[in-house]
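The structure appears below as C-alpha cells.
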Amino acid sequence: MHTALFFHPACLEHDTGEGHPECAQRVRAVLAALEDEAFMFLDRREAPRATRDQLLRVHPAHHIDGVLAKVPKEGSASIDDDTWLSPGSGEAALRAAGAVVGAVDAVCTGEVRNAFCAVRPPGHHAEPDQAMGFCLFNSIAVGAAHARAVHGLERVAIIDFDVHHGNGTQTVAEGDPNLFYGSTHQWPLYPGTGAAKEHGKYNNVVNACLPPMSGSPEFRMAVQSQLLPAIDAFRPDLIMISAGFDAHTRDPLAGLHLMEDDYAWVTGKLCELAAKHCDGRVVSALEGGYDLIALANSSAAHVKSLMVA
C-alpha cells in the first residue's frame, strides 16, 4: 500500500498579509520538495471540504459560525494579533480539516497505509471555542473524532512535535480516556501551556518539555523515555501526527536545534508503534515550520519515513 498526500489549492488562498510567517509559500515549498523523483509513488489526492457535522464533533456551532462569519468579502480581518483572515480563509480552513478527515478515511479503509496532509492554516492551537495562534479549526482533533465516530476506532493517539505546545489539541484530549496527546515542545514558549505536570484527567497527556537551545540528543531522549513508552502502553488503534517543523535549528520563531534526520527518526519510531498496534495506520498533518528551506527538507524527510514504513 502507498502513502497518500492530501492537498487542495484553496490552502494557498488563505492570505495572512505581508510579512506574516504563516504564508502560502510554506505549502508551496513543501509541495515543491515532494515533486522530487523519490516521491513519484505518492498517492496524490485532493482534500475534501470538512462538513459542518464533522467540525461539530470538536467545535461548538457558535465557534464554527463565528469563524466563518469573520471571513471578509474583501481585504483582511483579524481574530487576534497573530491570526488573520482573507476572503479565501474559510475555504482553506475547511479544506485543511477536510484533508485530515479524508486521510483518516483512506487509511482506515485500507486504501493506503498512511498519509500526510500538506495543508494550511495549521490547527493545533485552535481550542474548541477559540481560534488563535494562526489556527482556525483543530484539524487533527476533527480527524481523530471522525476516526472514532465513523470507523469505530476506540483509541487514537495524537503526537505533536511542533516547537509550540498544541494547547487546543490537549484541551480536546485531556478529558477523554480514549484519546492520548503527547507533545515535545520548547518550554517556556507560546502559548504558555504544556507544562510537564499537565497529565490530563486520565493520565493520557504527556508533555515532554525541552529547554531553549535543546537539540537532537535532548529531543530523542524525551521521545524515547517519555512518549514512546506512553504510546505503547496506550495501545492506539490509530496514530496521528501534528507535524510541525519549527523546532528545526533554522526556524526563526523558536530556539531548538533539530535537523531533518530527527524528523525522519521520530517518524520511523512512530511508524514502528503503528505497525505493532494498529496495522501501520498513521495520519500526519502539517502544523508549523517557518523557514522555507528547513520546512521543505524536513517535510521531505518525514514523508520518506512514512513511505518506507
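The chains in the C-alpha cells are called A, B, ... from first to last as shown; in each chain the residues are counted from 1, and the ligands are counted from 1 in the order shown.
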Mind checking which residues fall within 9 Å of segment 13-27 of chain A, counting only C-alpha atoms, ignoring those fewer than 5 positions away in the same chain, and posting them as JSON, numbers by chain?
{"A": [32, 76, 82, 83, 84, 85, 86, 87, 88, 89, 90, 91, 92, 93, 118, 119, 120, 121, 122, 134, 253, 286, 288, 289, 290, 291, 292, 295, 296]}
Spatial neighbours of Met213 of chain A, max dist 9 Å, only C-alpha atoms, sep filter under 2 positions, as a PyMOL selection string:
chain A and resi 186+210-211+215+249+255-257
For atom CA of Leu31 of chain A and atom CA of Asp251 of chain A, determine how far apart the two atoms are, in Å to one decimal place.
18.7 Å
Long-range neighbours of Gly200 of chain A as a VMD selection string, 8 Å cut-off, only C-alpha atoms, 4 positions minimum in chain
chain A and resid 173 to 175 204 to 205
So how far away is atom CA of Val206 of chain A from atom CA of Leu306 of chain A, in Å?
23.3 Å
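Note that atom CA of Pro229 of chain A and atom CA of Asn203 of chain A are 13.3 Å apart.
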For segment 65-69 of chain A, find every residue with an atom within 8 Å (counting only C-alpha atoms), except residues of its own chain fewer than 4 positions away, and show them as a ChimeraX atom specification.
/A:61,90,131,136
Please save all heavy atoms of the selected residues as a CSV table (one decimal), in the first residue's frame.
```csv
chain,number,residue,atom,x,y,z
A,61,ALA,N,-21.2,24.9,17.6
A,61,ALA,CA,-21.8,25.7,16.4
A,61,ALA,C,-21.4,27.1,16.4
A,61,ALA,O,-21.1,27.7,15.4
A,61,ALA,CB,-23.3,25.5,16.4
A,90,GLY,N,-11.8,31.0,4.8
A,90,GLY,CA,-12.8,30.0,5.3
A,90,GLY,C,-12.7,28.7,4.5
A,90,GLY,O,-12.7,27.6,5.1
A,131,ALA,N,-10.4,30.4,18.1
A,131,ALA,CA,-9.3,30.4,17.1
A,131,ALA,C,-8.2,31.2,17.7
A,131,ALA,O,-8.4,32.3,18.3
A,131,ALA,CB,-9.8,30.9,15.8
A,136,LEU,N,-7.5,28.1,13.0
A,136,LEU,CA,-9.0,28.4,13.0
A,136,LEU,C,-9.8,27.2,13.5
A,136,LEU,O,-10.6,27.3,14.4
A,136,LEU,CB,-9.4,28.8,11.5
A,136,LEU,CG,-8.7,30.0,10.9
A,136,LEU,CD1,-9.2,30.3,9.5
A,136,LEU,CD2,-8.7,31.2,11.8
```
Could you please write out, as number ranges by chain, every residue of segment 107-166 of chain A that DSSP assigns to alpha helix (DSSP H)?
A: 107-108, 139-151
Written selection (all heavy atoms) as a short mmCIF file (atom, residue, chain, number, x, y, z; two decimals), in the first residue's frame:
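Here's the written file out-v3.cif:
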```cif
data_model
loop_
_atom_site.label_atom_id
_atom_site.label_comp_id
_atom_site.auth_asym_id
_atom_site.auth_seq_id
_atom_site.Cartn_x
_atom_site.Cartn_y
_atom_site.Cartn_z
N VAL A 107 -6.90 5.82 5.16
CA VAL A 107 -6.08 4.92 5.97
C VAL A 107 -6.95 3.86 6.65
O VAL A 107 -6.60 2.67 6.68
CB VAL A 107 -5.27 5.73 6.99
CG1 VAL A 107 -4.65 4.83 8.05
CG2 VAL A 107 -4.18 6.53 6.28
N CYS A 108 -8.09 4.27 7.17
CA CYS A 108 -8.92 3.33 7.93
C CYS A 108 -9.64 2.33 7.05
O CYS A 108 -10.01 1.25 7.52
CB CYS A 108 -9.92 4.11 8.79
SG CYS A 108 -9.15 4.96 10.20
N SER A 139 -7.75 20.77 13.04
CA SER A 139 -7.90 19.73 12.02
C SER A 139 -7.56 18.34 12.54
O SER A 139 -8.25 17.36 12.22
CB SER A 139 -7.02 20.08 10.81
OG SER A 139 -7.38 21.31 10.26
N ILE A 140 -6.50 18.23 13.32
CA ILE A 140 -6.07 16.90 13.78
C ILE A 140 -7.11 16.32 14.75
O ILE A 140 -7.40 15.12 14.73
CB ILE A 140 -4.66 16.95 14.40
CG1 ILE A 140 -3.96 15.59 14.29
CG2 ILE A 140 -4.67 17.45 15.82
CD1 ILE A 140 -3.30 15.34 12.97
N ALA A 141 -7.69 17.18 15.59
CA ALA A 141 -8.72 16.70 16.52
C ALA A 141 -9.99 16.32 15.77
O ALA A 141 -10.67 15.35 16.13
CB ALA A 141 -9.01 17.78 17.56
N VAL A 142 -10.34 17.08 14.73
CA VAL A 142 -11.50 16.75 13.91
C VAL A 142 -11.30 15.38 13.25
O VAL A 142 -12.21 14.55 13.21
CB VAL A 142 -11.75 17.84 12.86
CG1 VAL A 142 -12.79 17.39 11.83
CG2 VAL A 142 -12.20 19.14 13.53
N GLY A 143 -10.08 15.12 12.77
CA GLY A 143 -9.78 13.83 12.17
C GLY A 143 -9.86 12.70 13.18
O GLY A 143 -10.37 11.61 12.87
N ALA A 144 -9.37 12.94 14.38
CA ALA A 144 -9.42 11.91 15.42
C ALA A 144 -10.87 11.58 15.79
O ALA A 144 -11.23 10.41 15.95
CB ALA A 144 -8.66 12.37 16.66
N ALA A 145 -11.69 12.61 15.90
CA ALA A 145 -13.10 12.38 16.22
C ALA A 145 -13.80 11.62 15.10
O ALA A 145 -14.65 10.76 15.35
CB ALA A 145 -13.79 13.73 16.47
N HIS A 146 -13.44 11.93 13.87
CA HIS A 146 -14.02 11.23 12.72
C HIS A 146 -13.63 9.75 12.73
O HIS A 146 -14.46 8.87 12.45
CB HIS A 146 -13.54 11.89 11.43
CG HIS A 146 -14.08 11.28 10.18
ND1 HIS A 146 -15.37 11.50 9.74
CD2 HIS A 146 -13.51 10.45 9.26
CE1 HIS A 146 -15.56 10.84 8.61
NE2 HIS A 146 -14.46 10.19 8.30
N ALA A 147 -12.40 9.46 13.06
CA ALA A 147 -11.93 8.07 13.10
C ALA A 147 -12.75 7.25 14.07
O ALA A 147 -13.08 6.08 13.81
CB ALA A 147 -10.45 8.02 13.46
N ARG A 148 -13.08 7.84 15.17
CA ARG A 148 -13.83 7.12 16.20
C ARG A 148 -15.31 7.03 15.86
O ARG A 148 -15.95 5.99 16.05
CB ARG A 148 -13.61 7.79 17.56
CG ARG A 148 -12.16 7.71 18.01
CD ARG A 148 -11.88 8.63 19.18
NE ARG A 148 -12.62 8.21 20.36
CZ ARG A 148 -12.73 8.96 21.46
NH1 ARG A 148 -12.16 10.15 21.51
NH2 ARG A 148 -13.40 8.50 22.48
N ALA A 149 -15.87 8.12 15.34
CA ALA A 149 -17.31 8.15 15.08
C ALA A 149 -17.70 7.33 13.85
O ALA A 149 -18.75 6.68 13.83
CB ALA A 149 -17.78 9.60 14.90
N VAL A 150 -16.88 7.36 12.82
CA VAL A 150 -17.24 6.75 11.55
C VAL A 150 -16.61 5.37 11.35
O VAL A 150 -17.21 4.46 10.80
CB VAL A 150 -16.87 7.69 10.38
CG1 VAL A 150 -17.10 7.03 9.02
CG2 VAL A 150 -17.69 8.98 10.48
N HIS A 151 -15.37 5.22 11.81
CA HIS A 151 -14.65 3.97 11.55
C HIS A 151 -14.59 3.05 12.77
O HIS A 151 -13.98 1.98 12.70
CB HIS A 151 -13.25 4.29 11.03
CG HIS A 151 -13.27 4.99 9.72
ND1 HIS A 151 -13.55 4.34 8.53
CD2 HIS A 151 -13.10 6.30 9.40
CE1 HIS A 151 -13.53 5.22 7.54
NE2 HIS A 151 -13.26 6.40 8.03
#
```
Residue contacts of Pro60 of chain A (9 Å, only C-alpha atoms) excluding same-chain residues fewer than 5 positions away, as a VMD selection string:
chain A and resid 55 65 128 to 129
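Considering the residues A:Cys135, A:Pro252, A:Ile293, A:Ala301 and counting only C-alpha atoms, Ala264 of chain A has its shortest atom-to-atom contact with A:Ala301.
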Within 12 Å of Ala115 of chain A using only C-alpha atoms, minus same-chain residues under 2 positions, as a PyMOL selection string:
chain A and resi 1-7+42-45+47+99-108+110-113+117-118+238-241+243+271+280-286+302-307+309
Generate a file of the selected residues that holds N, CA and C atoms, formatted as a CSV table (one decimal), in the first residue's frame.
```csv
chain,number,residue,atom,x,y,z
A,1,MET,N,0.8,-1.2,0.0
A,1,MET,CA,0.0,0.0,0.0
A,1,MET,C,0.9,1.2,0.0
A,2,HIS,N,0.3,2.3,-0.6
A,2,HIS,CA,1.1,3.5,-0.7
A,2,HIS,C,0.9,4.5,0.4
A,3,THR,N,1.7,5.6,0.4
A,3,THR,CA,1.5,6.7,1.2
A,3,THR,C,0.7,7.8,0.4
A,4,ALA,N,-0.4,8.3,1.0
A,4,ALA,CA,-1.2,9.4,0.3
A,4,ALA,C,-0.7,10.7,0.7
A,5,LEU,N,-0.8,11.7,-0.2
A,5,LEU,CA,-0.5,13.1,0.0
A,5,LEU,C,-1.8,13.8,-0.3
A,6,PHE,N,-2.4,14.5,0.8
A,6,PHE,CA,-3.6,15.3,0.6
A,6,PHE,C,-3.3,16.8,0.6
A,7,PHE,N,-3.9,17.5,-0.4
A,7,PHE,CA,-3.7,18.9,-0.6
A,7,PHE,C,-4.9,19.5,-1.3
A,42,LEU,N,3.9,8.6,-4.5
A,42,LEU,CA,2.9,9.2,-3.6
A,42,LEU,C,1.6,9.1,-4.3
A,43,ASP,N,0.6,8.7,-3.5
A,43,ASP,CA,-0.8,8.7,-4.0
A,43,ASP,C,-1.4,10.1,-3.7
A,44,ARG,N,-1.4,11.0,-4.7
A,44,ARG,CA,-1.8,12.4,-4.5
A,44,ARG,C,-3.3,12.5,-4.7
A,45,ARG,N,-3.9,13.1,-3.6
A,45,ARG,CA,-5.3,13.3,-3.6
A,45,ARG,C,-5.7,14.7,-3.2
A,47,ALA,N,-7.9,17.3,-1.3
A,47,ALA,CA,-8.6,17.3,0.0
A,47,ALA,C,-10.0,17.7,-0.1
A,99,ALA,N,-9.0,17.6,4.7
A,99,ALA,CA,-7.8,16.8,4.3
A,99,ALA,C,-7.6,15.7,5.3
A,100,VAL,N,-7.6,16.1,6.6
A,100,VAL,CA,-7.3,15.1,7.7
A,100,VAL,C,-8.4,14.1,7.7
A,101,VAL,N,-9.7,14.5,7.6
A,101,VAL,CA,-10.8,13.6,7.5
A,101,VAL,C,-10.6,12.6,6.4
A,102,GLY,N,-10.3,13.2,5.2
A,102,GLY,CA,-10.1,12.3,4.0
A,102,GLY,C,-8.9,11.3,4.2
A,103,ALA,N,-7.9,11.8,4.9
A,103,ALA,CA,-6.8,10.9,5.1
A,103,ALA,C,-7.1,9.8,6.1
A,104,VAL,N,-7.9,10.1,7.1
A,104,VAL,CA,-8.4,9.1,8.0
A,104,VAL,C,-9.2,8.1,7.3
A,105,ASP,N,-10.1,8.5,6.4
A,105,ASP,CA,-10.9,7.6,5.6
A,105,ASP,C,-10.0,6.7,4.8
A,106,ALA,N,-9.1,7.2,4.1
A,106,ALA,CA,-8.2,6.4,3.2
A,106,ALA,C,-7.4,5.4,4.0
A,107,VAL,N,-6.9,5.8,5.2
A,107,VAL,CA,-6.1,4.9,6.0
A,107,VAL,C,-6.9,3.9,6.6
A,108,CYS,N,-8.1,4.3,7.2
A,108,CYS,CA,-8.9,3.3,7.9
A,108,CYS,C,-9.6,2.3,7.0
A,110,GLY,N,-8.1,1.1,4.4
A,110,GLY,CA,-7.1,0.3,3.9
A,110,GLY,C,-6.7,0.6,2.4
A,111,GLU,N,-7.2,1.8,1.9
A,111,GLU,CA,-6.8,2.2,0.6
A,111,GLU,C,-5.3,2.6,0.5
A,112,VAL,N,-4.8,3.2,1.6
A,112,VAL,CA,-3.4,3.5,1.7
A,112,VAL,C,-2.9,3.1,3.1
A,113,ARG,N,-1.6,3.0,3.3
A,113,ARG,CA,-1.0,2.6,4.5
A,113,ARG,C,-1.0,3.8,5.5
A,117,CYS,N,-0.9,15.3,5.2
A,117,CYS,CA,-1.7,16.4,4.7
A,117,CYS,C,-0.9,17.7,4.6
A,118,ALA,N,-0.6,18.1,3.4
A,118,ALA,CA,0.2,19.4,3.2
A,118,ALA,C,-0.8,20.5,3.1
A,238,LEU,N,-5.1,4.0,16.1
A,238,LEU,CA,-4.6,5.0,15.0
A,238,LEU,C,-3.6,5.9,15.7
A,239,ILE,N,-2.5,6.2,15.0
A,239,ILE,CA,-1.6,7.2,15.4
A,239,ILE,C,-1.7,8.4,14.5
A,240,MET,N,-1.9,9.6,15.0
A,240,MET,CA,-2.0,10.8,14.3
A,240,MET,C,-0.8,11.7,14.7
A,241,ILE,N,-0.3,12.5,13.7
A,241,ILE,CA,0.9,13.3,14.0
A,241,ILE,C,0.6,14.8,13.6
A,243,ALA,N,2.5,17.5,12.7
A,243,ALA,CA,3.9,17.6,12.1
A,243,ALA,C,4.3,19.0,11.9
A,271,CYS,N,6.0,5.1,13.4
A,271,CYS,CA,5.5,4.0,12.4
A,271,CYS,C,5.7,2.6,13.0
A,280,GLY,N,-0.2,-0.3,11.1
A,280,GLY,CA,0.5,0.7,10.4
A,280,GLY,C,-0.2,2.0,10.2
A,281,ARG,N,-1.4,2.1,10.7
A,281,ARG,CA,-2.2,3.3,10.4
A,281,ARG,C,-1.7,4.6,11.0
A,282,VAL,N,-1.2,5.5,10.2
A,282,VAL,CA,-0.7,6.8,10.6
A,282,VAL,C,-1.3,7.9,9.7
A,283,VAL,N,-1.8,9.0,10.3
A,283,VAL,CA,-2.2,10.1,9.6
A,283,VAL,C,-1.5,11.3,10.1
A,284,SER,N,-0.8,12.1,9.3
A,284,SER,CA,0.0,13.2,9.7
A,284,SER,C,-0.5,14.5,9.0
A,285,ALA,N,-0.5,15.6,9.7
A,285,ALA,CA,-0.9,16.9,9.1
A,285,ALA,C,0.1,18.0,9.5
A,286,LEU,N,0.4,18.8,8.5
A,286,LEU,CA,1.3,19.9,8.7
A,286,LEU,C,0.8,20.9,9.7
A,302,HIS,N,10.3,13.6,6.6
A,302,HIS,CA,9.1,13.0,7.2
A,302,HIS,C,8.3,12.1,6.3
A,303,VAL,N,8.1,12.5,5.1
A,303,VAL,CA,7.3,11.7,4.1
A,303,VAL,C,8.1,10.5,3.7
A,304,LYS,N,9.4,10.7,3.5
A,304,LYS,CA,10.2,9.5,3.1
A,304,LYS,C,10.1,8.4,4.2
A,305,SER,N,10.1,8.8,5.5
A,305,SER,CA,9.9,7.8,6.5
A,305,SER,C,8.6,7.2,6.5
A,306,LEU,N,7.5,7.9,6.2
A,306,LEU,CA,6.2,7.3,6.0
A,306,LEU,C,6.2,6.3,4.9
A,307,MET,N,6.8,6.6,3.8
A,307,MET,CA,6.8,5.8,2.6
A,307,MET,C,7.5,4.5,2.8
A,309,ALA,N,7.8,2.9,5.7
A,309,ALA,CA,7.3,2.3,6.9
A,309,ALA,C,6.7,0.9,6.6
```
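The protein and nucleic acid residues lying at most 8 Å from segment 176-179 of chain A are A:Glu154, A:Arg155, A:Val156, A:Ala157, A:Ile158, A:Lys201, A:Tyr202, A:Asn204, with only C-alpha atoms considered and sequence neighbours fewer than 6 positions away removed.
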Where does DSSP see strand (DSSP E) in segment 49-198 of chain A, if you list the residues as a ChimeraX atom specification?
/A:77-78,84-85,114-117,156-160,179-186
Write the residues you've just listed into a file as a PDB file, in the first residue's frame, and include N, CA, C and O atoms for each of them.
```pdb
ATOM      1  N   ALA A  77      -9.190  40.674   7.848  1.00  0.00           N
ATOM      2  CA  ALA A  77      -9.784  40.810   9.173  1.00  0.00           C
ATOM      3  C   ALA A  77      -8.929  40.008  10.143  1.00  0.00           C
ATOM      4  O   ALA A  77      -8.211  39.092   9.735  1.00  0.00           O
ATOM      5  N   SER A  78      -8.989  40.351  11.408  1.00  0.00           N
ATOM      6  CA  SER A  78      -8.153  39.644  12.380  1.00  0.00           C
ATOM      7  C   SER A  78      -8.998  39.066  13.502  1.00  0.00           C
ATOM      8  O   SER A  78     -10.010  39.645  13.903  1.00  0.00           O
ATOM      9  N   TRP A  84      -4.991  36.046  11.179  1.00  0.00           N
ATOM     10  CA  TRP A  84      -5.611  36.928  10.196  1.00  0.00           C
ATOM     11  C   TRP A  84      -6.412  36.129   9.177  1.00  0.00           C
ATOM     12  O   TRP A  84      -6.122  34.971   8.902  1.00  0.00           O
ATOM     13  N   LEU A  85      -7.406  36.811   8.632  1.00  0.00           N
ATOM     14  CA  LEU A  85      -8.307  36.204   7.669  1.00  0.00           C
ATOM     15  C   LEU A  85      -8.351  37.025   6.391  1.00  0.00           C
ATOM     16  O   LEU A  85      -8.257  38.254   6.423  1.00  0.00           O
ATOM     17  N   ASN A 114      -0.597   4.941   5.020  1.00  0.00           N
ATOM     18  CA  ASN A 114      -0.518   6.142   5.847  1.00  0.00           C
ATOM     19  C   ASN A 114      -0.682   7.361   4.951  1.00  0.00           C
ATOM     20  O   ASN A 114      -0.761   7.232   3.720  1.00  0.00           O
ATOM     21  N   ALA A 115      -0.720   8.551   5.559  1.00  0.00           N
ATOM     22  CA  ALA A 115      -0.996   9.746   4.768  1.00  0.00           C
ATOM     23  C   ALA A 115      -0.394  10.978   5.424  1.00  0.00           C
ATOM     24  O   ALA A 115      -0.268  11.053   6.654  1.00  0.00           O
ATOM     25  N   PHE A 116      -0.052  11.945   4.572  1.00  0.00           N
ATOM     26  CA  PHE A 116       0.426  13.258   5.017  1.00  0.00           C
ATOM     27  C   PHE A 116      -0.436  14.322   4.368  1.00  0.00           C
ATOM     28  O   PHE A 116      -0.694  14.280   3.160  1.00  0.00           O
ATOM     29  N   CYS A 117      -0.877  15.287   5.159  1.00  0.00           N
ATOM     30  CA  CYS A 117      -1.718  16.381   4.681  1.00  0.00           C
ATOM     31  C   CYS A 117      -0.890  17.670   4.629  1.00  0.00           C
ATOM     32  O   CYS A 117      -0.513  18.212   5.672  1.00  0.00           O
ATOM     33  N   VAL A 156      -7.290   6.675  19.957  1.00  0.00           N
ATOM     34  CA  VAL A 156      -6.485   7.433  18.999  1.00  0.00           C
ATOM     35  C   VAL A 156      -5.401   8.186  19.763  1.00  0.00           C
ATOM     36  O   VAL A 156      -5.682   8.879  20.739  1.00  0.00           O
ATOM     37  N   ALA A 157      -4.165   8.052  19.302  1.00  0.00           N
ATOM     38  CA  ALA A 157      -3.031   8.781  19.880  1.00  0.00           C
ATOM     39  C   ALA A 157      -2.622   9.898  18.937  1.00  0.00           C
ATOM     40  O   ALA A 157      -2.440   9.669  17.737  1.00  0.00           O
ATOM     41  N   ILE A 158      -2.499  11.097  19.473  1.00  0.00           N
ATOM     42  CA  ILE A 158      -2.041  12.262  18.710  1.00  0.00           C
ATOM     43  C   ILE A 158      -0.679  12.664  19.252  1.00  0.00           C
ATOM     44  O   ILE A 158      -0.536  12.973  20.442  1.00  0.00           O
ATOM     45  N   ILE A 159       0.317  12.676  18.372  1.00  0.00           N
ATOM     46  CA  ILE A 159       1.685  13.046  18.744  1.00  0.00           C
ATOM     47  C   ILE A 159       2.024  14.358  18.042  1.00  0.00           C
ATOM     48  O   ILE A 159       1.821  14.499  16.839  1.00  0.00           O
ATOM     49  N   ASP A 160       2.551  15.298  18.791  1.00  0.00           N
ATOM     50  CA  ASP A 160       2.763  16.663  18.306  1.00  0.00           C
ATOM     51  C   ASP A 160       4.223  17.040  18.555  1.00  0.00           C
ATOM     52  O   ASP A 160       4.633  17.221  19.698  1.00  0.00           O
ATOM     53  N   LEU A 179      -8.498   9.181  24.134  1.00  0.00           N
ATOM     54  CA  LEU A 179      -7.569   9.992  23.358  1.00  0.00           C
ATOM     55  C   LEU A 179      -6.273  10.130  24.142  1.00  0.00           C
ATOM     56  O   LEU A 179      -6.296  10.316  25.363  1.00  0.00           O
ATOM     57  N   PHE A 180      -5.161  10.031  23.447  1.00  0.00           N
ATOM     58  CA  PHE A 180      -3.845  10.280  24.044  1.00  0.00           C
ATOM     59  C   PHE A 180      -3.222  11.457  23.320  1.00  0.00           C
ATOM     60  O   PHE A 180      -3.271  11.539  22.092  1.00  0.00           O
ATOM     61  N   TYR A 181      -2.649  12.389  24.083  1.00  0.00           N
ATOM     62  CA  TYR A 181      -1.928  13.510  23.478  1.00  0.00           C
ATOM     63  C   TYR A 181      -0.523  13.553  24.056  1.00  0.00           C
ATOM     64  O   TYR A 181      -0.337  13.636  25.276  1.00  0.00           O
ATOM     65  N   GLY A 182       0.469  13.467  23.175  1.00  0.00           N
ATOM     66  CA  GLY A 182       1.860  13.558  23.585  1.00  0.00           C
ATOM     67  C   GLY A 182       2.570  14.632  22.787  1.00  0.00           C
ATOM     68  O   GLY A 182       2.435  14.686  21.563  1.00  0.00           O
ATOM     69  N   SER A 183       3.317  15.481  23.473  1.00  0.00           N
ATOM     70  CA  SER A 183       3.940  16.621  22.800  1.00  0.00           C
ATOM     71  C   SER A 183       5.384  16.812  23.251  1.00  0.00           C
ATOM     72  O   SER A 183       5.699  16.717  24.442  1.00  0.00           O
ATOM     73  N   THR A 184       6.248  17.072  22.276  1.00  0.00           N
ATOM     74  CA  THR A 184       7.565  17.632  22.578  1.00  0.00           C
ATOM     75  C   THR A 184       7.522  19.086  22.137  1.00  0.00           C
ATOM     76  O   THR A 184       7.068  19.393  21.028  1.00  0.00           O
ATOM     77  N   HIS A 185       7.972  19.994  22.975  1.00  0.00           N
ATOM     78  CA  HIS A 185       7.915  21.410  22.630  1.00  0.00           C
ATOM     79  C   HIS A 185       8.904  22.192  23.491  1.00  0.00           C
ATOM     80  O   HIS A 185       9.287  21.750  24.579  1.00  0.00           O
ATOM     81  N   GLN A 186       9.292  23.338  22.976  1.00  0.00           N
ATOM     82  CA  GLN A 186      10.156  24.226  23.755  1.00  0.00           C
ATOM     83  C   GLN A 186       9.357  24.784  24.928  1.00  0.00           C
ATOM     84  O   GLN A 186       8.195  25.152  24.795  1.00  0.00           O
TER      85      GLN A 186
END
```
From A:Gly98, A:Gln170, A:Pro236, A:Ser298, residue lying nearest Asp53 of chain A [only C-alpha atoms]:
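Of the candidates, the smallest distance to Asp53 of chain A is held by A:Gly98.
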Give me, as a Markdown table, each residue of segment 251-290 of chain A that comes within 10 Å of segment 232-235 of chain A, together with its shortest interatomic pair and the distance in Å at one decimal, counting only C-alpha atoms, with rows ordered by chain and rising residue number.
```
| residue | atom | partner | partner_atom | distance |
| --- | --- | --- | --- | --- |
| A:Leu270 | CA | A:Asp232 | CA | 9.8 |
| A:Leu273 | CA | A:Asp232 | CA | 6.8 |
| A:Ala274 | CA | A:Arg235 | CA | 9.0 |
| A:Lys276 | CA | A:Arg235 | CA | 8.7 |
| A:His277 | CA | A:Arg235 | CA | 5.8 |
| A:Cys278 | CA | A:Arg235 | CA | 8.1 |
```
Residues just named, written with all heavy atoms as a short mmCIF file (atom, residue, chain, number, x, y, z; two decimals), in the first residue's frame:
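Resulting contents of selection-v8.cif:
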```
data_model
loop_
_atom_site.label_atom_id
_atom_site.label_comp_id
_atom_site.auth_asym_id
_atom_site.auth_seq_id
_atom_site.Cartn_x
_atom_site.Cartn_y
_atom_site.Cartn_z
N LEU A 270 7.46 6.28 15.36
CA LEU A 270 6.01 6.27 15.47
C LEU A 270 5.40 5.23 14.53
O LEU A 270 4.42 4.55 14.87
CB LEU A 270 5.45 7.66 15.17
CG LEU A 270 5.82 8.74 16.21
CD1 LEU A 270 5.35 10.10 15.75
CD2 LEU A 270 5.24 8.40 17.58
N LEU A 273 5.56 1.80 16.12
CA LEU A 273 4.48 1.56 17.07
C LEU A 273 3.16 1.35 16.35
O LEU A 273 2.33 0.54 16.78
CB LEU A 273 4.38 2.73 18.05
CG LEU A 273 5.44 2.77 19.15
CD1 LEU A 273 5.28 4.02 19.99
CD2 LEU A 273 5.36 1.52 20.02
N ALA A 274 2.96 2.07 15.24
CA ALA A 274 1.74 1.87 14.46
C ALA A 274 1.69 0.46 13.89
O ALA A 274 0.62 -0.18 13.86
CB ALA A 274 1.65 2.91 13.34
N LYS A 276 2.99 -2.12 15.24
CA LYS A 276 2.77 -3.03 16.36
C LYS A 276 1.31 -3.04 16.81
O LYS A 276 0.76 -4.11 17.12
CB LYS A 276 3.67 -2.62 17.53
CG LYS A 276 3.49 -3.46 18.79
CD LYS A 276 4.44 -3.00 19.90
CE LYS A 276 4.24 -3.82 21.17
NZ LYS A 276 5.16 -3.38 22.26
N HIS A 277 0.68 -1.87 16.83
CA HIS A 277 -0.63 -1.76 17.47
C HIS A 277 -1.80 -1.56 16.51
O HIS A 277 -2.94 -1.89 16.88
CB HIS A 277 -0.63 -0.59 18.47
CG HIS A 277 0.25 -0.82 19.66
ND1 HIS A 277 -0.04 -1.76 20.62
CD2 HIS A 277 1.43 -0.22 20.04
CE1 HIS A 277 0.92 -1.74 21.55
NE2 HIS A 277 1.81 -0.82 21.22
N CYS A 278 -1.58 -0.97 15.34
CA CYS A 278 -2.74 -0.56 14.54
C CYS A 278 -2.52 -0.75 13.04
O CYS A 278 -2.91 0.12 12.24
CB CYS A 278 -3.15 0.87 14.87
SG CYS A 278 -1.84 2.11 14.91
#
```
